[in-house]
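> First the structure, which I've put down as structure tokens, then a few questions once you've had a look.
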Amino acid sequence: MNDADVLIVGAGPVGLVIAHELAHAGVRARIIDHRERATRHSKANVVWPRSLELLARLNLAEPLLRQAHQIEHVGFTQRGQSPQIHDLAELTDTEFPFALTLPQPDIEFLCEQRLHQFRVHVERGTKFLDASQDASGVLTTLRRADGTPEYGRFAWVIGADGSKSRVRECAGIAFVGEVVPVDYTLVDAVAQGIAADQGSYYFDSQRSLAIAPIGADLFRFATSNLSPEEGSVRLAIQHLLDSFEISGRIGTVRYRADFRSETRQAATYRAGRVLLAGDAAHVGTPASGQGMNTGIQDAIALGWRLGRVLLGHLGETSLDDYARERRAHVDTVLALTRAQTARVDEHGEDGREAPALPGLRQLAQLDTEYGAGHDRVPPLPASAAHRRASIDGTSPTVLLYPGSVYSAAHWQRTVLRVRAETPGYFRVIDLAGIAGGLGFRAVIGPARTALIVRPDQHIDQRLDPDAIRVHTFTQLGWRR
């Protein structure tokens, strides 16, 4: 065996966030990447509110906030129609009513630097070659940066190694989907005269154009079907701005990438002791910047479960729940982005109605659902700030609310009894006396209630506090 329980293959945002989640649980993980150095290309760069909530649990949101550019509005414009503008301030049930833009290399750098505090370092230039598994572990073959082979054994291997995942290939997991008949060009360019606080999407029957500010006078332009006959990239983007009647002048082009998009998903996210996340598990079109965010949510969903499995708090079947829940959610995300792309490649001049535009909460991924009753729990309201400060965001939690009318003495006895019945690695939070905001009240309700909340801030079970017993947790899969 190696000196780590888990091998993470791929040190992009997804692999790094998984490493953080495991490190917070005290689990030993090793993270490798075949690249000699981190990517210099901007790649993905939008972080939506739900991802920020989840990253905040790992103390990763704060460094992003200091460095990133903030987007307060998102607009959609179909040629010939009035713009549809979303104000992210309307998201009143989150601490992050905005989106951030920051080039992927900067996101990776911040995550990697924070990982050093756990004495975990990315092993660059180390390539994953092959693997086979048995009931207790995975035998791996790696190639080190100096070219020498390394043979090892890990309890678990995680493929976060992108759409061409070697880990997925070795596990024999099919990657099912289609090539989307739309060619995309991503361009980062200096520009003047374009709104610096808004992400914008423009469509007609032939093309689309997305614009996002990513720095001082620096913007990401993502466009479909950019014709080479239009001359240089700078002139082509300027022509698009003019054709959509967008004010602004394009200056120096700093980055360009061309690709044909695909919509694919792995047949399963788990094959024995091999697990997939991020682009290794699914890829979609770049519409509305959902790819990296969906991968970050994979990382959280997988990381907290695997950490708890290795700590003995959960059984391995919890990892099947990861595969089931995330595949179902990713289905909805892929459908959303594919529908947006369809506005270009399918809505032509034949009179067919263009697919609906995404809603604000869909973009923000705040309505992520894992089945009936597993709603996301908004952050505790400001009136519970003194309680929030003592909460480990990566731990499972029991929230206890006595209702608006209650006996203080009886409630105190109830809280003490629940603490005794609850596994020691849970946090039990008494919400008596809080003045909850509308978003929080909508989830917890007005009556006396208890919420058992998973580490990803989704409800595991809702019940009366008097009904909580030791077996309540074992029935949910939590061990003493």
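Labels used: A, B, ... for chains in the order of the structure tokens, numbers from 1 for residues in each chain, and numbers from 1 for ligands as shown.
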As a tab-separated table (two decimals) with C-alpha atoms, in the first residue's frame, list the residues of region 120-294 of chain A assigned to strand (DSSP E or B) by DSSP on the backbone atoms of this structure.

```tsv
chain	number	residue	atom	x	y	z
A	123	GLU	CA	2.96	15.69	-8.10
A	124	ARG	CA	3.40	17.21	-11.55
A	127	LYS	CA	1.22	10.15	-15.54
A	128	PHE	CA	-1.43	7.54	-14.79
A	129	LEU	CA	-0.86	4.59	-17.11
A	130	ASP	CA	-2.91	1.61	-15.99
A	131	ALA	CA	-4.89	0.05	-13.16
A	132	SER	CA	-6.58	-3.14	-12.09
A	133	GLN	CA	-8.62	-3.72	-8.97
A	138	VAL	CA	-6.57	-0.75	-6.91
A	139	LEU	CA	-3.19	-1.72	-8.35
A	140	THR	CA	-1.80	1.21	-10.34
A	141	THR	CA	1.00	1.85	-12.76
A	142	LEU	CA	2.31	5.42	-12.91
A	143	ARG	CA	5.17	7.05	-14.77
A	149	PRO	CA	7.65	3.53	-13.60
A	150	GLU	CA	5.97	3.33	-10.21
A	151	TYR	CA	3.71	0.51	-9.08
A	152	GLY	CA	1.37	1.06	-6.18
A	153	ARG	CA	-1.85	0.10	-4.48
A	154	PHE	CA	-4.58	2.43	-3.25
A	156	TRP	CA	-9.58	4.15	-4.03
A	157	VAL	CA	-8.69	5.87	-7.31
A	158	ILE	CA	-10.50	8.99	-8.51
A	159	GLY	CA	-10.46	10.01	-12.16
A	175	PHE	CA	-18.73	7.59	-22.29
A	176	VAL	CA	-22.04	7.96	-24.05
A	177	GLY	CA	-23.33	10.94	-26.02
A	178	GLU	CA	-22.97	12.93	-29.20
A	179	VAL	CA	-20.85	15.49	-31.01
A	180	VAL	CA	-22.80	18.75	-31.18
A	181	PRO	CA	-22.72	20.23	-34.71
A	182	VAL	CA	-21.61	23.66	-33.52
A	183	ASP	CA	-18.02	24.93	-33.61
A	184	TYR	CA	-17.01	27.19	-30.74
A	185	THR	CA	-14.29	29.81	-30.41
A	186	LEU	CA	-13.21	31.19	-27.04
A	187	VAL	CA	-11.38	34.52	-27.09
A	188	ASP	CA	-9.98	36.60	-24.24
A	189	ALA	CA	-9.43	40.16	-25.40
A	190	VAL	CA	-9.00	43.68	-24.10
A	191	ALA	CA	-12.07	45.80	-24.86
A	192	GLN	CA	-13.56	49.18	-24.01
A	198	GLN	CA	-22.77	41.87	-16.50
A	199	GLY	CA	-22.50	38.58	-18.30
A	200	SER	CA	-24.37	38.69	-21.59
A	201	TYR	CA	-25.65	36.14	-24.10
A	202	TYR	CA	-26.80	36.97	-27.63
A	203	PHE	CA	-28.50	34.63	-30.12
A	208	SER	CA	-24.41	32.94	-30.47
A	209	LEU	CA	-22.11	35.24	-28.56
A	210	ALA	CA	-21.42	35.24	-24.82
A	211	ILE	CA	-19.50	38.04	-23.10
A	212	ALA	CA	-18.12	37.95	-19.56
A	213	PRO	CA	-15.80	40.44	-17.86
A	214	ILE	CA	-12.80	38.67	-16.32
A	215	GLY	CA	-10.55	41.57	-15.32
A	218	LEU	CA	-10.41	42.12	-20.14
A	219	PHE	CA	-13.36	40.08	-21.44
A	220	ARG	CA	-14.11	36.49	-22.43
A	221	PHE	CA	-15.96	36.17	-25.74
A	222	ALA	CA	-17.44	32.78	-26.58
A	223	THR	CA	-18.98	32.45	-30.01
A	224	SER	CA	-20.32	29.73	-32.27
A	249	ARG	CA	-14.29	48.18	-29.27
A	250	ILE	CA	-12.04	45.13	-29.32
A	251	GLY	CA	-8.34	45.58	-28.65
A	252	THR	CA	-5.53	43.06	-28.12
A	253	VAL	CA	-6.44	39.37	-28.25
A	254	ARG	CA	-4.69	37.41	-25.48
A	255	TYR	CA	-6.08	33.91	-25.89
A	256	ARG	CA	-7.96	31.86	-28.43
A	257	ALA	CA	-9.25	28.29	-28.45
A	258	ASP	CA	-11.34	26.51	-31.11
A	259	PHE	CA	-13.24	23.29	-30.58
A	260	ARG	CA	-16.32	21.30	-31.51
A	261	SER	CA	-18.45	20.65	-28.46
A	262	GLU	CA	-19.76	17.32	-27.22
A	263	THR	CA	-22.49	16.23	-24.85
A	264	ARG	CA	-21.47	13.02	-23.11
A	265	GLN	CA	-21.87	11.30	-19.76
A	266	ALA	CA	-20.21	8.27	-18.22
A	270	ARG	CA	-18.40	4.32	-9.96
A	271	ALA	CA	-16.87	1.02	-11.03
A	274	VAL	CA	-12.70	3.62	-9.21
A	275	LEU	CA	-14.70	6.85	-9.12
A	276	LEU	CA	-15.16	9.64	-11.67
A	282	HIS	CA	-19.51	14.36	-18.17
A	283	VAL	CA	-18.98	17.06	-20.77
```
> Residues within 12 Å of Asp33 (chain A), please, as number ranges by chain. Count only C-alpha atoms; anything in the same chain fewer than 6 positions from it doesn't count.
A: 7-13, 15-16, 39, 121-129, 142-145, 159-162, 165-166
> Would you mind exporting the chosen residues as a PDB file, in the first residue's frame, restricted to C-alpha atoms?

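To be explicit, this is the file written out as part.pdb:
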```pdb
ATOM      1  CA  LEU A   7      -5.099   8.506  -5.540  1.00  0.00           C
ATOM      2  CA  ILE A   8      -6.574  11.543  -7.306  1.00  0.00           C
ATOM      3  CA  VAL A   9      -5.656  11.693 -10.995  1.00  0.00           C
ATOM      4  CA  GLY A  10      -5.899  15.245 -12.327  1.00  0.00           C
ATOM      5  CA  ALA A  11      -5.087  18.552 -10.601  1.00  0.00           C
ATOM      6  CA  GLY A  12      -7.631  20.814 -12.226  1.00  0.00           C
ATOM      7  CA  PRO A  13     -10.263  22.534 -10.060  1.00  0.00           C
ATOM      8  CA  GLY A  15      -9.253  17.179  -8.404  1.00  0.00           C
ATOM      9  CA  LEU A  16      -8.004  19.973  -6.141  1.00  0.00           C
ATOM     10  CA  THR A  39      -2.165  25.358 -17.445  1.00  0.00           C
ATOM     11  CA  HIS A 121       1.374  18.812  -2.891  1.00  0.00           C
ATOM     12  CA  VAL A 122       0.509  18.128  -6.512  1.00  0.00           C
ATOM     13  CA  GLU A 123       2.962  15.689  -8.102  1.00  0.00           C
ATOM     14  CA  ARG A 124       3.402  17.206 -11.549  1.00  0.00           C
ATOM     15  CA  GLY A 125       4.743  15.322 -14.531  1.00  0.00           C
ATOM     16  CA  THR A 126       3.378  12.061 -13.087  1.00  0.00           C
ATOM     17  CA  LYS A 127       1.222  10.149 -15.544  1.00  0.00           C
ATOM     18  CA  PHE A 128      -1.431   7.541 -14.789  1.00  0.00           C
ATOM     19  CA  LEU A 129      -0.865   4.586 -17.109  1.00  0.00           C
ATOM     20  CA  LEU A 142       2.306   5.418 -12.908  1.00  0.00           C
ATOM     21  CA  ARG A 143       5.173   7.049 -14.772  1.00  0.00           C
ATOM     22  CA  ARG A 144       7.117   9.617 -12.776  1.00  0.00           C
ATOM     23  CA  ALA A 145       8.437  12.887 -14.123  1.00  0.00           C
ATOM     24  CA  GLY A 159     -10.461  10.014 -12.157  1.00  0.00           C
ATOM     25  CA  ALA A 160     -10.583  13.798 -12.415  1.00  0.00           C
ATOM     26  CA  ASP A 161      -8.447  13.652 -15.538  1.00  0.00           C
ATOM     27  CA  GLY A 162     -10.712  15.276 -18.096  1.00  0.00           C
ATOM     28  CA  SER A 165      -9.862  10.198 -18.975  1.00  0.00           C
ATOM     29  CA  ARG A 166      -7.390   7.331 -18.843  1.00  0.00           C
TER      30      ARG A 166
END
```
> Please identify the alpha helix (DSSP H) residues within region 248-359 of chain A (assignment by DSSP from backbone atoms) and present them as a ChimeraX atom specification.
/A:291-311,317-345
> Keeping N, CA and C atoms for every residue in the selection just given, could you write it to a file as a tab-separated table (two decimals), in the first residue's frame?

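Output contents, as saved in part-v9.tsv:
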```
chain	number	residue	atom	x	y	z
A	291	GLY	N	-19.95	24.06	-16.87
A	291	GLY	CA	-19.08	22.90	-16.81
A	291	GLY	C	-18.25	22.79	-15.54
A	292	MET	N	-17.42	23.81	-15.27
A	292	MET	CA	-16.56	23.75	-14.09
A	292	MET	C	-17.38	23.72	-12.81
A	293	ASN	N	-18.49	24.46	-12.78
A	293	ASN	CA	-19.34	24.48	-11.59
A	293	ASN	C	-19.94	23.12	-11.31
A	294	THR	N	-20.39	22.44	-12.36
A	294	THR	CA	-20.93	21.10	-12.19
A	294	THR	C	-19.85	20.15	-11.68
A	295	GLY	N	-18.63	20.32	-12.18
A	295	GLY	CA	-17.52	19.50	-11.71
A	295	GLY	C	-17.18	19.77	-10.25
A	296	ILE	N	-17.22	21.03	-9.83
A	296	ILE	CA	-16.96	21.37	-8.43
A	296	ILE	C	-18.00	20.71	-7.53
A	297	GLN	N	-19.25	20.70	-7.97
A	297	GLN	CA	-20.28	20.05	-7.17
A	297	GLN	C	-20.08	18.53	-7.12
A	298	ASP	N	-19.58	17.94	-8.22
A	298	ASP	CA	-19.17	16.52	-8.17
A	298	ASP	C	-18.12	16.32	-7.08
A	299	ALA	N	-17.14	17.22	-7.09
A	299	ALA	CA	-16.01	17.09	-6.16
A	299	ALA	C	-16.48	17.10	-4.71
A	300	ILE	N	-17.40	18.00	-4.39
A	300	ILE	CA	-17.92	18.07	-3.03
A	300	ILE	C	-18.73	16.82	-2.71
A	301	ALA	N	-19.63	16.44	-3.64
A	301	ALA	CA	-20.51	15.30	-3.40
A	301	ALA	C	-19.72	14.00	-3.21
A	302	LEU	N	-18.66	13.84	-4.00
A	302	LEU	CA	-17.82	12.64	-3.87
A	302	LEU	C	-16.90	12.75	-2.66
A	303	GLY	N	-16.29	13.91	-2.47
A	303	GLY	CA	-15.29	14.07	-1.42
A	303	GLY	C	-15.83	13.83	-0.02
A	304	TRP	N	-17.01	14.41	0.28
A	304	TRP	CA	-17.51	14.22	1.66
A	304	TRP	C	-17.90	12.77	1.91
A	305	ARG	N	-18.44	12.11	0.88
A	305	ARG	CA	-18.83	10.71	1.07
A	305	ARG	C	-17.61	9.81	1.24
A	306	LEU	N	-16.64	9.96	0.34
A	306	LEU	CA	-15.47	9.09	0.42
A	306	LEU	C	-14.72	9.32	1.72
A	307	GLY	N	-14.61	10.58	2.13
A	307	GLY	CA	-13.96	10.87	3.40
A	307	GLY	C	-14.64	10.16	4.55
A	308	ARG	N	-15.98	10.21	4.57
A	308	ARG	CA	-16.73	9.59	5.66
A	308	ARG	C	-16.68	8.06	5.58
A	309	VAL	N	-16.59	7.52	4.37
A	309	VAL	CA	-16.42	6.07	4.23
A	309	VAL	C	-15.09	5.64	4.85
A	310	LEU	N	-14.03	6.37	4.56
A	310	LEU	CA	-12.71	6.01	5.07
A	310	LEU	C	-12.60	6.25	6.58
A	311	LEU	N	-13.39	7.17	7.11
A	311	LEU	CA	-13.41	7.39	8.56
A	311	LEU	C	-14.30	6.38	9.29
A	317	THR	N	-21.81	1.82	0.25
A	317	THR	CA	-22.98	2.05	-0.60
A	317	THR	C	-23.28	3.53	-0.77
A	318	SER	N	-22.75	4.36	0.13
A	318	SER	CA	-22.92	5.81	-0.01
A	318	SER	C	-22.32	6.30	-1.32
A	319	LEU	N	-21.30	5.61	-1.81
A	319	LEU	CA	-20.67	6.01	-3.07
A	319	LEU	C	-21.56	5.68	-4.27
A	320	ASP	N	-22.42	4.69	-4.12
A	320	ASP	CA	-23.42	4.43	-5.15
A	320	ASP	C	-24.44	5.58	-5.18
A	321	ASP	N	-24.75	6.11	-4.00
A	321	ASP	CA	-25.65	7.28	-3.94
A	321	ASP	C	-25.03	8.46	-4.66
A	322	TYR	N	-23.71	8.64	-4.52
A	322	TYR	CA	-23.03	9.72	-5.25
A	322	TYR	C	-23.25	9.56	-6.75
A	323	ALA	N	-23.01	8.36	-7.25
A	323	ALA	CA	-23.14	8.13	-8.69
A	323	ALA	C	-24.57	8.36	-9.16
A	324	ARG	N	-25.52	7.88	-8.39
A	324	ARG	CA	-26.93	8.01	-8.78
A	324	ARG	C	-27.38	9.48	-8.75
A	325	GLU	N	-27.10	10.15	-7.65
A	325	GLU	CA	-27.56	11.54	-7.50
A	325	GLU	C	-26.92	12.47	-8.51
A	326	ARG	N	-25.63	12.36	-8.67
A	326	ARG	CA	-24.95	13.30	-9.56
A	326	ARG	C	-25.30	13.05	-11.02
A	327	ARG	N	-25.44	11.79	-11.42
A	327	ARG	CA	-25.82	11.52	-12.81
A	327	ARG	C	-27.19	12.11	-13.12
A	328	ALA	N	-28.11	11.98	-12.17
A	328	ALA	CA	-29.46	12.53	-12.40
A	328	ALA	C	-29.41	14.05	-12.51
A	329	HIS	N	-28.63	14.70	-11.65
A	329	HIS	CA	-28.53	16.16	-11.73
A	329	HIS	C	-27.83	16.59	-13.00
A	330	VAL	N	-26.74	15.91	-13.35
A	330	VAL	CA	-26.00	16.29	-14.56
A	330	VAL	C	-26.88	16.12	-15.80
A	331	ASP	N	-27.78	15.17	-15.78
A	331	ASP	CA	-28.74	15.04	-16.89
A	331	ASP	C	-29.46	16.37	-17.14
A	332	THR	N	-29.89	17.01	-16.06
A	332	THR	CA	-30.63	18.28	-16.20
A	332	THR	C	-29.72	19.39	-16.69
A	333	VAL	N	-28.47	19.41	-16.22
A	333	VAL	CA	-27.53	20.45	-16.65
A	333	VAL	C	-27.19	20.28	-18.13
A	334	LEU	N	-26.94	19.06	-18.55
A	334	LEU	CA	-26.63	18.81	-19.96
A	334	LEU	C	-27.81	19.18	-20.86
A	335	ALA	N	-29.01	18.89	-20.38
A	335	ALA	CA	-30.20	19.25	-21.17
A	335	ALA	C	-30.33	20.76	-21.28
A	336	LEU	N	-30.02	21.48	-20.20
A	336	LEU	CA	-30.08	22.94	-20.20
A	336	LEU	C	-29.10	23.53	-21.20
A	337	THR	N	-27.85	23.09	-21.14
A	337	THR	CA	-26.83	23.67	-22.02
A	337	THR	C	-27.05	23.23	-23.47
A	338	ARG	N	-27.54	21.99	-23.64
A	338	ARG	CA	-27.81	21.53	-25.01
A	338	ARG	C	-28.96	22.34	-25.62
A	339	ALA	N	-29.96	22.69	-24.82
A	339	ALA	CA	-31.08	23.48	-25.32
A	339	ALA	C	-30.62	24.87	-25.74
A	340	GLN	N	-29.70	25.45	-24.97
A	340	GLN	CA	-29.19	26.76	-25.36
A	340	GLN	C	-28.43	26.68	-26.68
A	341	THR	N	-27.65	25.62	-26.83
A	341	THR	CA	-26.93	25.45	-28.08
A	341	THR	C	-27.89	25.23	-29.24
A	342	ALA	N	-29.00	24.58	-28.94
A	342	ALA	CA	-29.99	24.31	-29.99
A	342	ALA	C	-30.57	25.58	-30.57
A	343	ARG	N	-30.48	26.68	-29.85
A	343	ARG	CA	-30.96	27.95	-30.40
A	343	ARG	C	-30.17	28.34	-31.64
A	344	VAL	N	-28.96	27.79	-31.73
A	344	VAL	CA	-28.12	28.10	-32.89
A	344	VAL	C	-28.19	27.00	-33.93
A	345	ASP	N	-28.02	25.73	-33.51
A	345	ASP	CA	-27.86	24.68	-34.53
A	345	ASP	C	-29.18	24.07	-34.98
```
> What is the distance between CA of Arg30 (chain A) and CA of Ala4 (chain A), in Å to one decimal?
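For CA of Arg30 (chain A) relative to CA of Ala4 (chain A), the distance reads 6.0 Å.
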> Any idea what the distance is between CA of Pro423 (chain A) and CA of Ser136 (chain A)?
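Rounded to one decimal, the two atoms are 26.9 Å apart.
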> For Gly445 (chain A), which residue among A:Ile468, A:Val377, A:Leu22, A:Leu240 is the nearest when counting only C-alpha atoms?
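Among the listed residues, the smallest separation from Gly445 (chain A) belongs to A:Val377.
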> Find the spatial neighbours of Pro63 (chain A), counting only C-alpha atoms, within a cut-off of 12 Å - ignore same-chain residues fewer than 3 positions away - and output them as a CSV table (one decimal) with all heavy atoms, in the first residue's frame.

```
chain,number,residue,atom,x,y,z
A,52,LEU,N,-19.9,28.7,-4.9
A,52,LEU,CA,-19.3,29.5,-3.9
A,52,LEU,C,-19.7,29.1,-2.5
A,52,LEU,O,-18.9,29.0,-1.6
A,52,LEU,CB,-19.6,31.0,-4.1
A,52,LEU,CG,-18.9,31.6,-5.3
A,52,LEU,CD1,-19.5,33.0,-5.6
A,52,LEU,CD2,-17.4,31.7,-5.1
A,55,LEU,N,-17.7,25.9,-1.8
A,55,LEU,CA,-16.3,26.2,-1.6
A,55,LEU,C,-16.1,26.9,-0.3
A,55,LEU,O,-15.0,26.8,0.4
A,55,LEU,CB,-15.8,27.0,-2.7
A,55,LEU,CG,-15.7,26.3,-4.1
A,55,LEU,CD1,-15.3,27.3,-5.2
A,55,LEU,CD2,-14.7,25.2,-4.1
A,56,ALA,N,-17.1,27.7,0.2
A,56,ALA,CA,-16.9,28.4,1.5
A,56,ALA,C,-16.8,27.4,2.6
A,56,ALA,O,-16.1,27.7,3.6
A,56,ALA,CB,-18.1,29.3,1.7
A,58,LEU,N,-15.0,24.9,2.7
A,58,LEU,CA,-13.6,24.5,2.7
A,58,LEU,C,-12.7,25.7,2.8
A,58,LEU,O,-11.5,25.6,2.6
A,58,LEU,CB,-13.3,23.8,1.4
A,58,LEU,CG,-14.1,22.5,1.1
A,58,LEU,CD1,-13.8,22.0,-0.3
A,58,LEU,CD2,-13.8,21.5,2.2
A,59,ASN,N,-13.3,26.9,3.1
A,59,ASN,CA,-12.5,28.2,3.2
A,59,ASN,C,-11.8,28.5,1.9
A,59,ASN,O,-10.7,29.2,1.9
A,59,ASN,CB,-11.4,28.0,4.4
A,59,ASN,CG,-12.1,27.7,5.7
A,59,ASN,OD1,-13.1,28.3,6.1
A,59,ASN,ND2,-11.5,26.8,6.4
A,60,LEU,N,-12.4,28.2,0.8
A,60,LEU,CA,-11.9,28.5,-0.5
A,60,LEU,C,-12.6,29.7,-1.2
A,60,LEU,O,-12.1,30.2,-2.2
A,60,LEU,CB,-11.9,27.3,-1.4
A,60,LEU,CG,-11.0,26.1,-1.0
A,60,LEU,CD1,-11.2,24.9,-1.9
A,60,LEU,CD2,-9.5,26.5,-1.1
A,66,ARG,N,-11.4,37.8,-3.1
A,66,ARG,CA,-10.4,38.8,-3.0
A,66,ARG,C,-9.8,39.1,-4.4
A,66,ARG,O,-9.4,40.2,-4.7
A,66,ARG,CB,-9.3,38.5,-2.1
A,66,ARG,CG,-9.6,38.6,-0.6
A,66,ARG,CD,-8.3,38.8,0.2
A,66,ARG,NE,-7.4,37.7,0.0
A,66,ARG,CZ,-7.2,36.6,0.6
A,66,ARG,NH1,-8.1,36.4,1.6
A,66,ARG,NH2,-6.3,35.7,0.3
A,67,GLN,N,-9.8,38.1,-5.3
A,67,GLN,CA,-9.1,38.2,-6.5
A,67,GLN,C,-10.0,38.3,-7.7
A,67,GLN,O,-9.6,38.8,-8.8
A,67,GLN,CB,-8.1,37.1,-6.7
A,67,GLN,CG,-7.1,37.2,-7.8
A,67,GLN,CD,-6.0,36.2,-7.7
A,67,GLN,OE1,-5.6,35.8,-6.6
A,67,GLN,NE2,-5.4,35.8,-8.9
A,68,ALA,N,-11.2,37.8,-7.6
A,68,ALA,CA,-12.0,37.6,-8.8
A,68,ALA,C,-12.8,38.9,-9.2
A,68,ALA,O,-12.9,39.8,-8.4
A,68,ALA,CB,-13.0,36.4,-8.6
A,100,LEU,N,-18.7,35.1,-9.9
A,100,LEU,CA,-17.4,35.5,-10.0
A,100,LEU,C,-16.8,35.0,-11.3
A,100,LEU,O,-17.1,34.0,-11.7
A,100,LEU,CB,-16.5,35.0,-8.8
A,100,LEU,CG,-16.9,35.4,-7.4
A,100,LEU,CD1,-15.9,34.8,-6.4
A,100,LEU,CD2,-16.9,36.9,-7.2
A,102,LEU,N,-12.9,34.4,-12.9
A,102,LEU,CA,-11.5,34.4,-12.6
A,102,LEU,C,-11.0,33.2,-13.5
A,102,LEU,O,-11.5,32.1,-13.6
A,102,LEU,CB,-11.3,34.0,-11.2
A,102,LEU,CG,-9.8,34.1,-10.7
A,102,LEU,CD1,-9.3,35.6,-10.7
A,102,LEU,CD2,-9.7,33.5,-9.3
A,106,ASP,N,-5.8,30.8,-12.3
A,106,ASP,CA,-5.8,31.5,-11.0
A,106,ASP,C,-6.6,30.7,-10.0
A,106,ASP,O,-6.2,30.6,-8.8
A,106,ASP,CB,-6.4,32.9,-11.2
A,106,ASP,CG,-5.6,33.7,-12.1
A,106,ASP,OD1,-4.3,33.5,-12.2
A,106,ASP,OD2,-6.1,34.7,-12.7
A,107,ILE,N,-7.7,30.1,-10.4
A,107,ILE,CA,-8.5,29.3,-9.5
A,107,ILE,C,-7.7,28.1,-9.0
A,107,ILE,O,-7.6,27.8,-7.8
A,107,ILE,CB,-9.8,28.8,-10.1
A,107,ILE,CG1,-10.7,30.0,-10.4
A,107,ILE,CG2,-10.5,27.8,-9.3
A,107,ILE,CD1,-11.9,29.7,-11.3
A,108,GLU,N,-7.0,27.4,-9.9
A,108,GLU,CA,-6.2,26.3,-9.6
A,108,GLU,C,-5.0,26.7,-8.7
A,108,GLU,O,-4.7,26.0,-7.7
A,108,GLU,CB,-5.6,25.6,-10.9
A,108,GLU,CG,-6.7,25.0,-11.7
A,108,GLU,CD,-6.1,24.4,-13.0
A,108,GLU,OE1,-4.8,24.4,-13.1
A,108,GLU,OE2,-6.9,23.9,-13.8
A,109,PHE,N,-4.4,27.8,-8.9
A,109,PHE,CA,-3.3,28.3,-8.1
A,109,PHE,C,-3.8,28.5,-6.7
A,109,PHE,O,-3.1,28.1,-5.7
A,109,PHE,CB,-2.7,29.6,-8.7
A,109,PHE,CG,-1.6,30.2,-7.9
A,109,PHE,CD1,-0.3,29.6,-7.9
A,109,PHE,CD2,-1.8,31.2,-7.0
A,109,PHE,CE1,0.7,30.2,-7.1
A,109,PHE,CE2,-0.8,31.8,-6.2
A,109,PHE,CZ,0.4,31.2,-6.3
A,110,LEU,N,-4.9,29.2,-6.5
A,110,LEU,CA,-5.4,29.5,-5.2
A,110,LEU,C,-5.7,28.2,-4.4
A,110,LEU,O,-5.4,28.0,-3.2
A,110,LEU,CB,-6.6,30.4,-5.2
A,110,LEU,CG,-6.4,31.8,-5.7
A,110,LEU,CD1,-7.7,32.6,-5.9
A,110,LEU,CD2,-5.5,32.6,-4.7
A,111,CYS,N,-6.4,27.3,-5.1
A,111,CYS,CA,-6.7,26.0,-4.5
A,111,CYS,C,-5.5,25.2,-4.1
A,111,CYS,O,-5.4,24.6,-3.0
A,111,CYS,CB,-7.6,25.2,-5.4
A,111,CYS,SG,-9.3,25.8,-5.6
A,112,GLU,N,-4.5,25.2,-5.0
A,112,GLU,CA,-3.3,24.4,-4.7
A,112,GLU,C,-2.5,25.0,-3.6
A,112,GLU,O,-2.0,24.3,-2.7
A,112,GLU,CB,-2.4,24.4,-6.0
A,112,GLU,CG,-1.3,23.4,-5.9
A,112,GLU,CD,-0.5,23.2,-7.2
A,112,GLU,OE1,-1.1,23.6,-8.3
A,112,GLU,OE2,0.6,22.7,-7.2
A,113,GLN,N,-2.4,26.3,-3.5
A,113,GLN,CA,-1.7,27.0,-2.4
A,113,GLN,C,-2.3,26.7,-1.1
A,113,GLN,O,-1.6,26.4,-0.1
A,113,GLN,CB,-1.6,28.5,-2.7
A,113,GLN,CG,-0.7,28.9,-3.8
A,113,GLN,CD,0.7,28.4,-3.7
A,113,GLN,OE1,1.4,28.7,-2.7
A,113,GLN,NE2,1.2,27.7,-4.6
A,114,ARG,N,-3.7,26.7,-1.0
A,114,ARG,CA,-4.4,26.4,0.2
A,114,ARG,C,-4.2,24.9,0.6
A,114,ARG,O,-4.2,24.6,1.8
A,114,ARG,CB,-5.8,26.8,0.1
A,114,ARG,CG,-6.1,28.3,0.1
A,114,ARG,CD,-5.8,28.9,1.4
A,114,ARG,NE,-6.0,30.3,1.5
A,114,ARG,CZ,-7.0,30.9,2.2
A,114,ARG,NH1,-7.9,30.1,2.8
A,114,ARG,NH2,-7.2,32.2,2.2
```
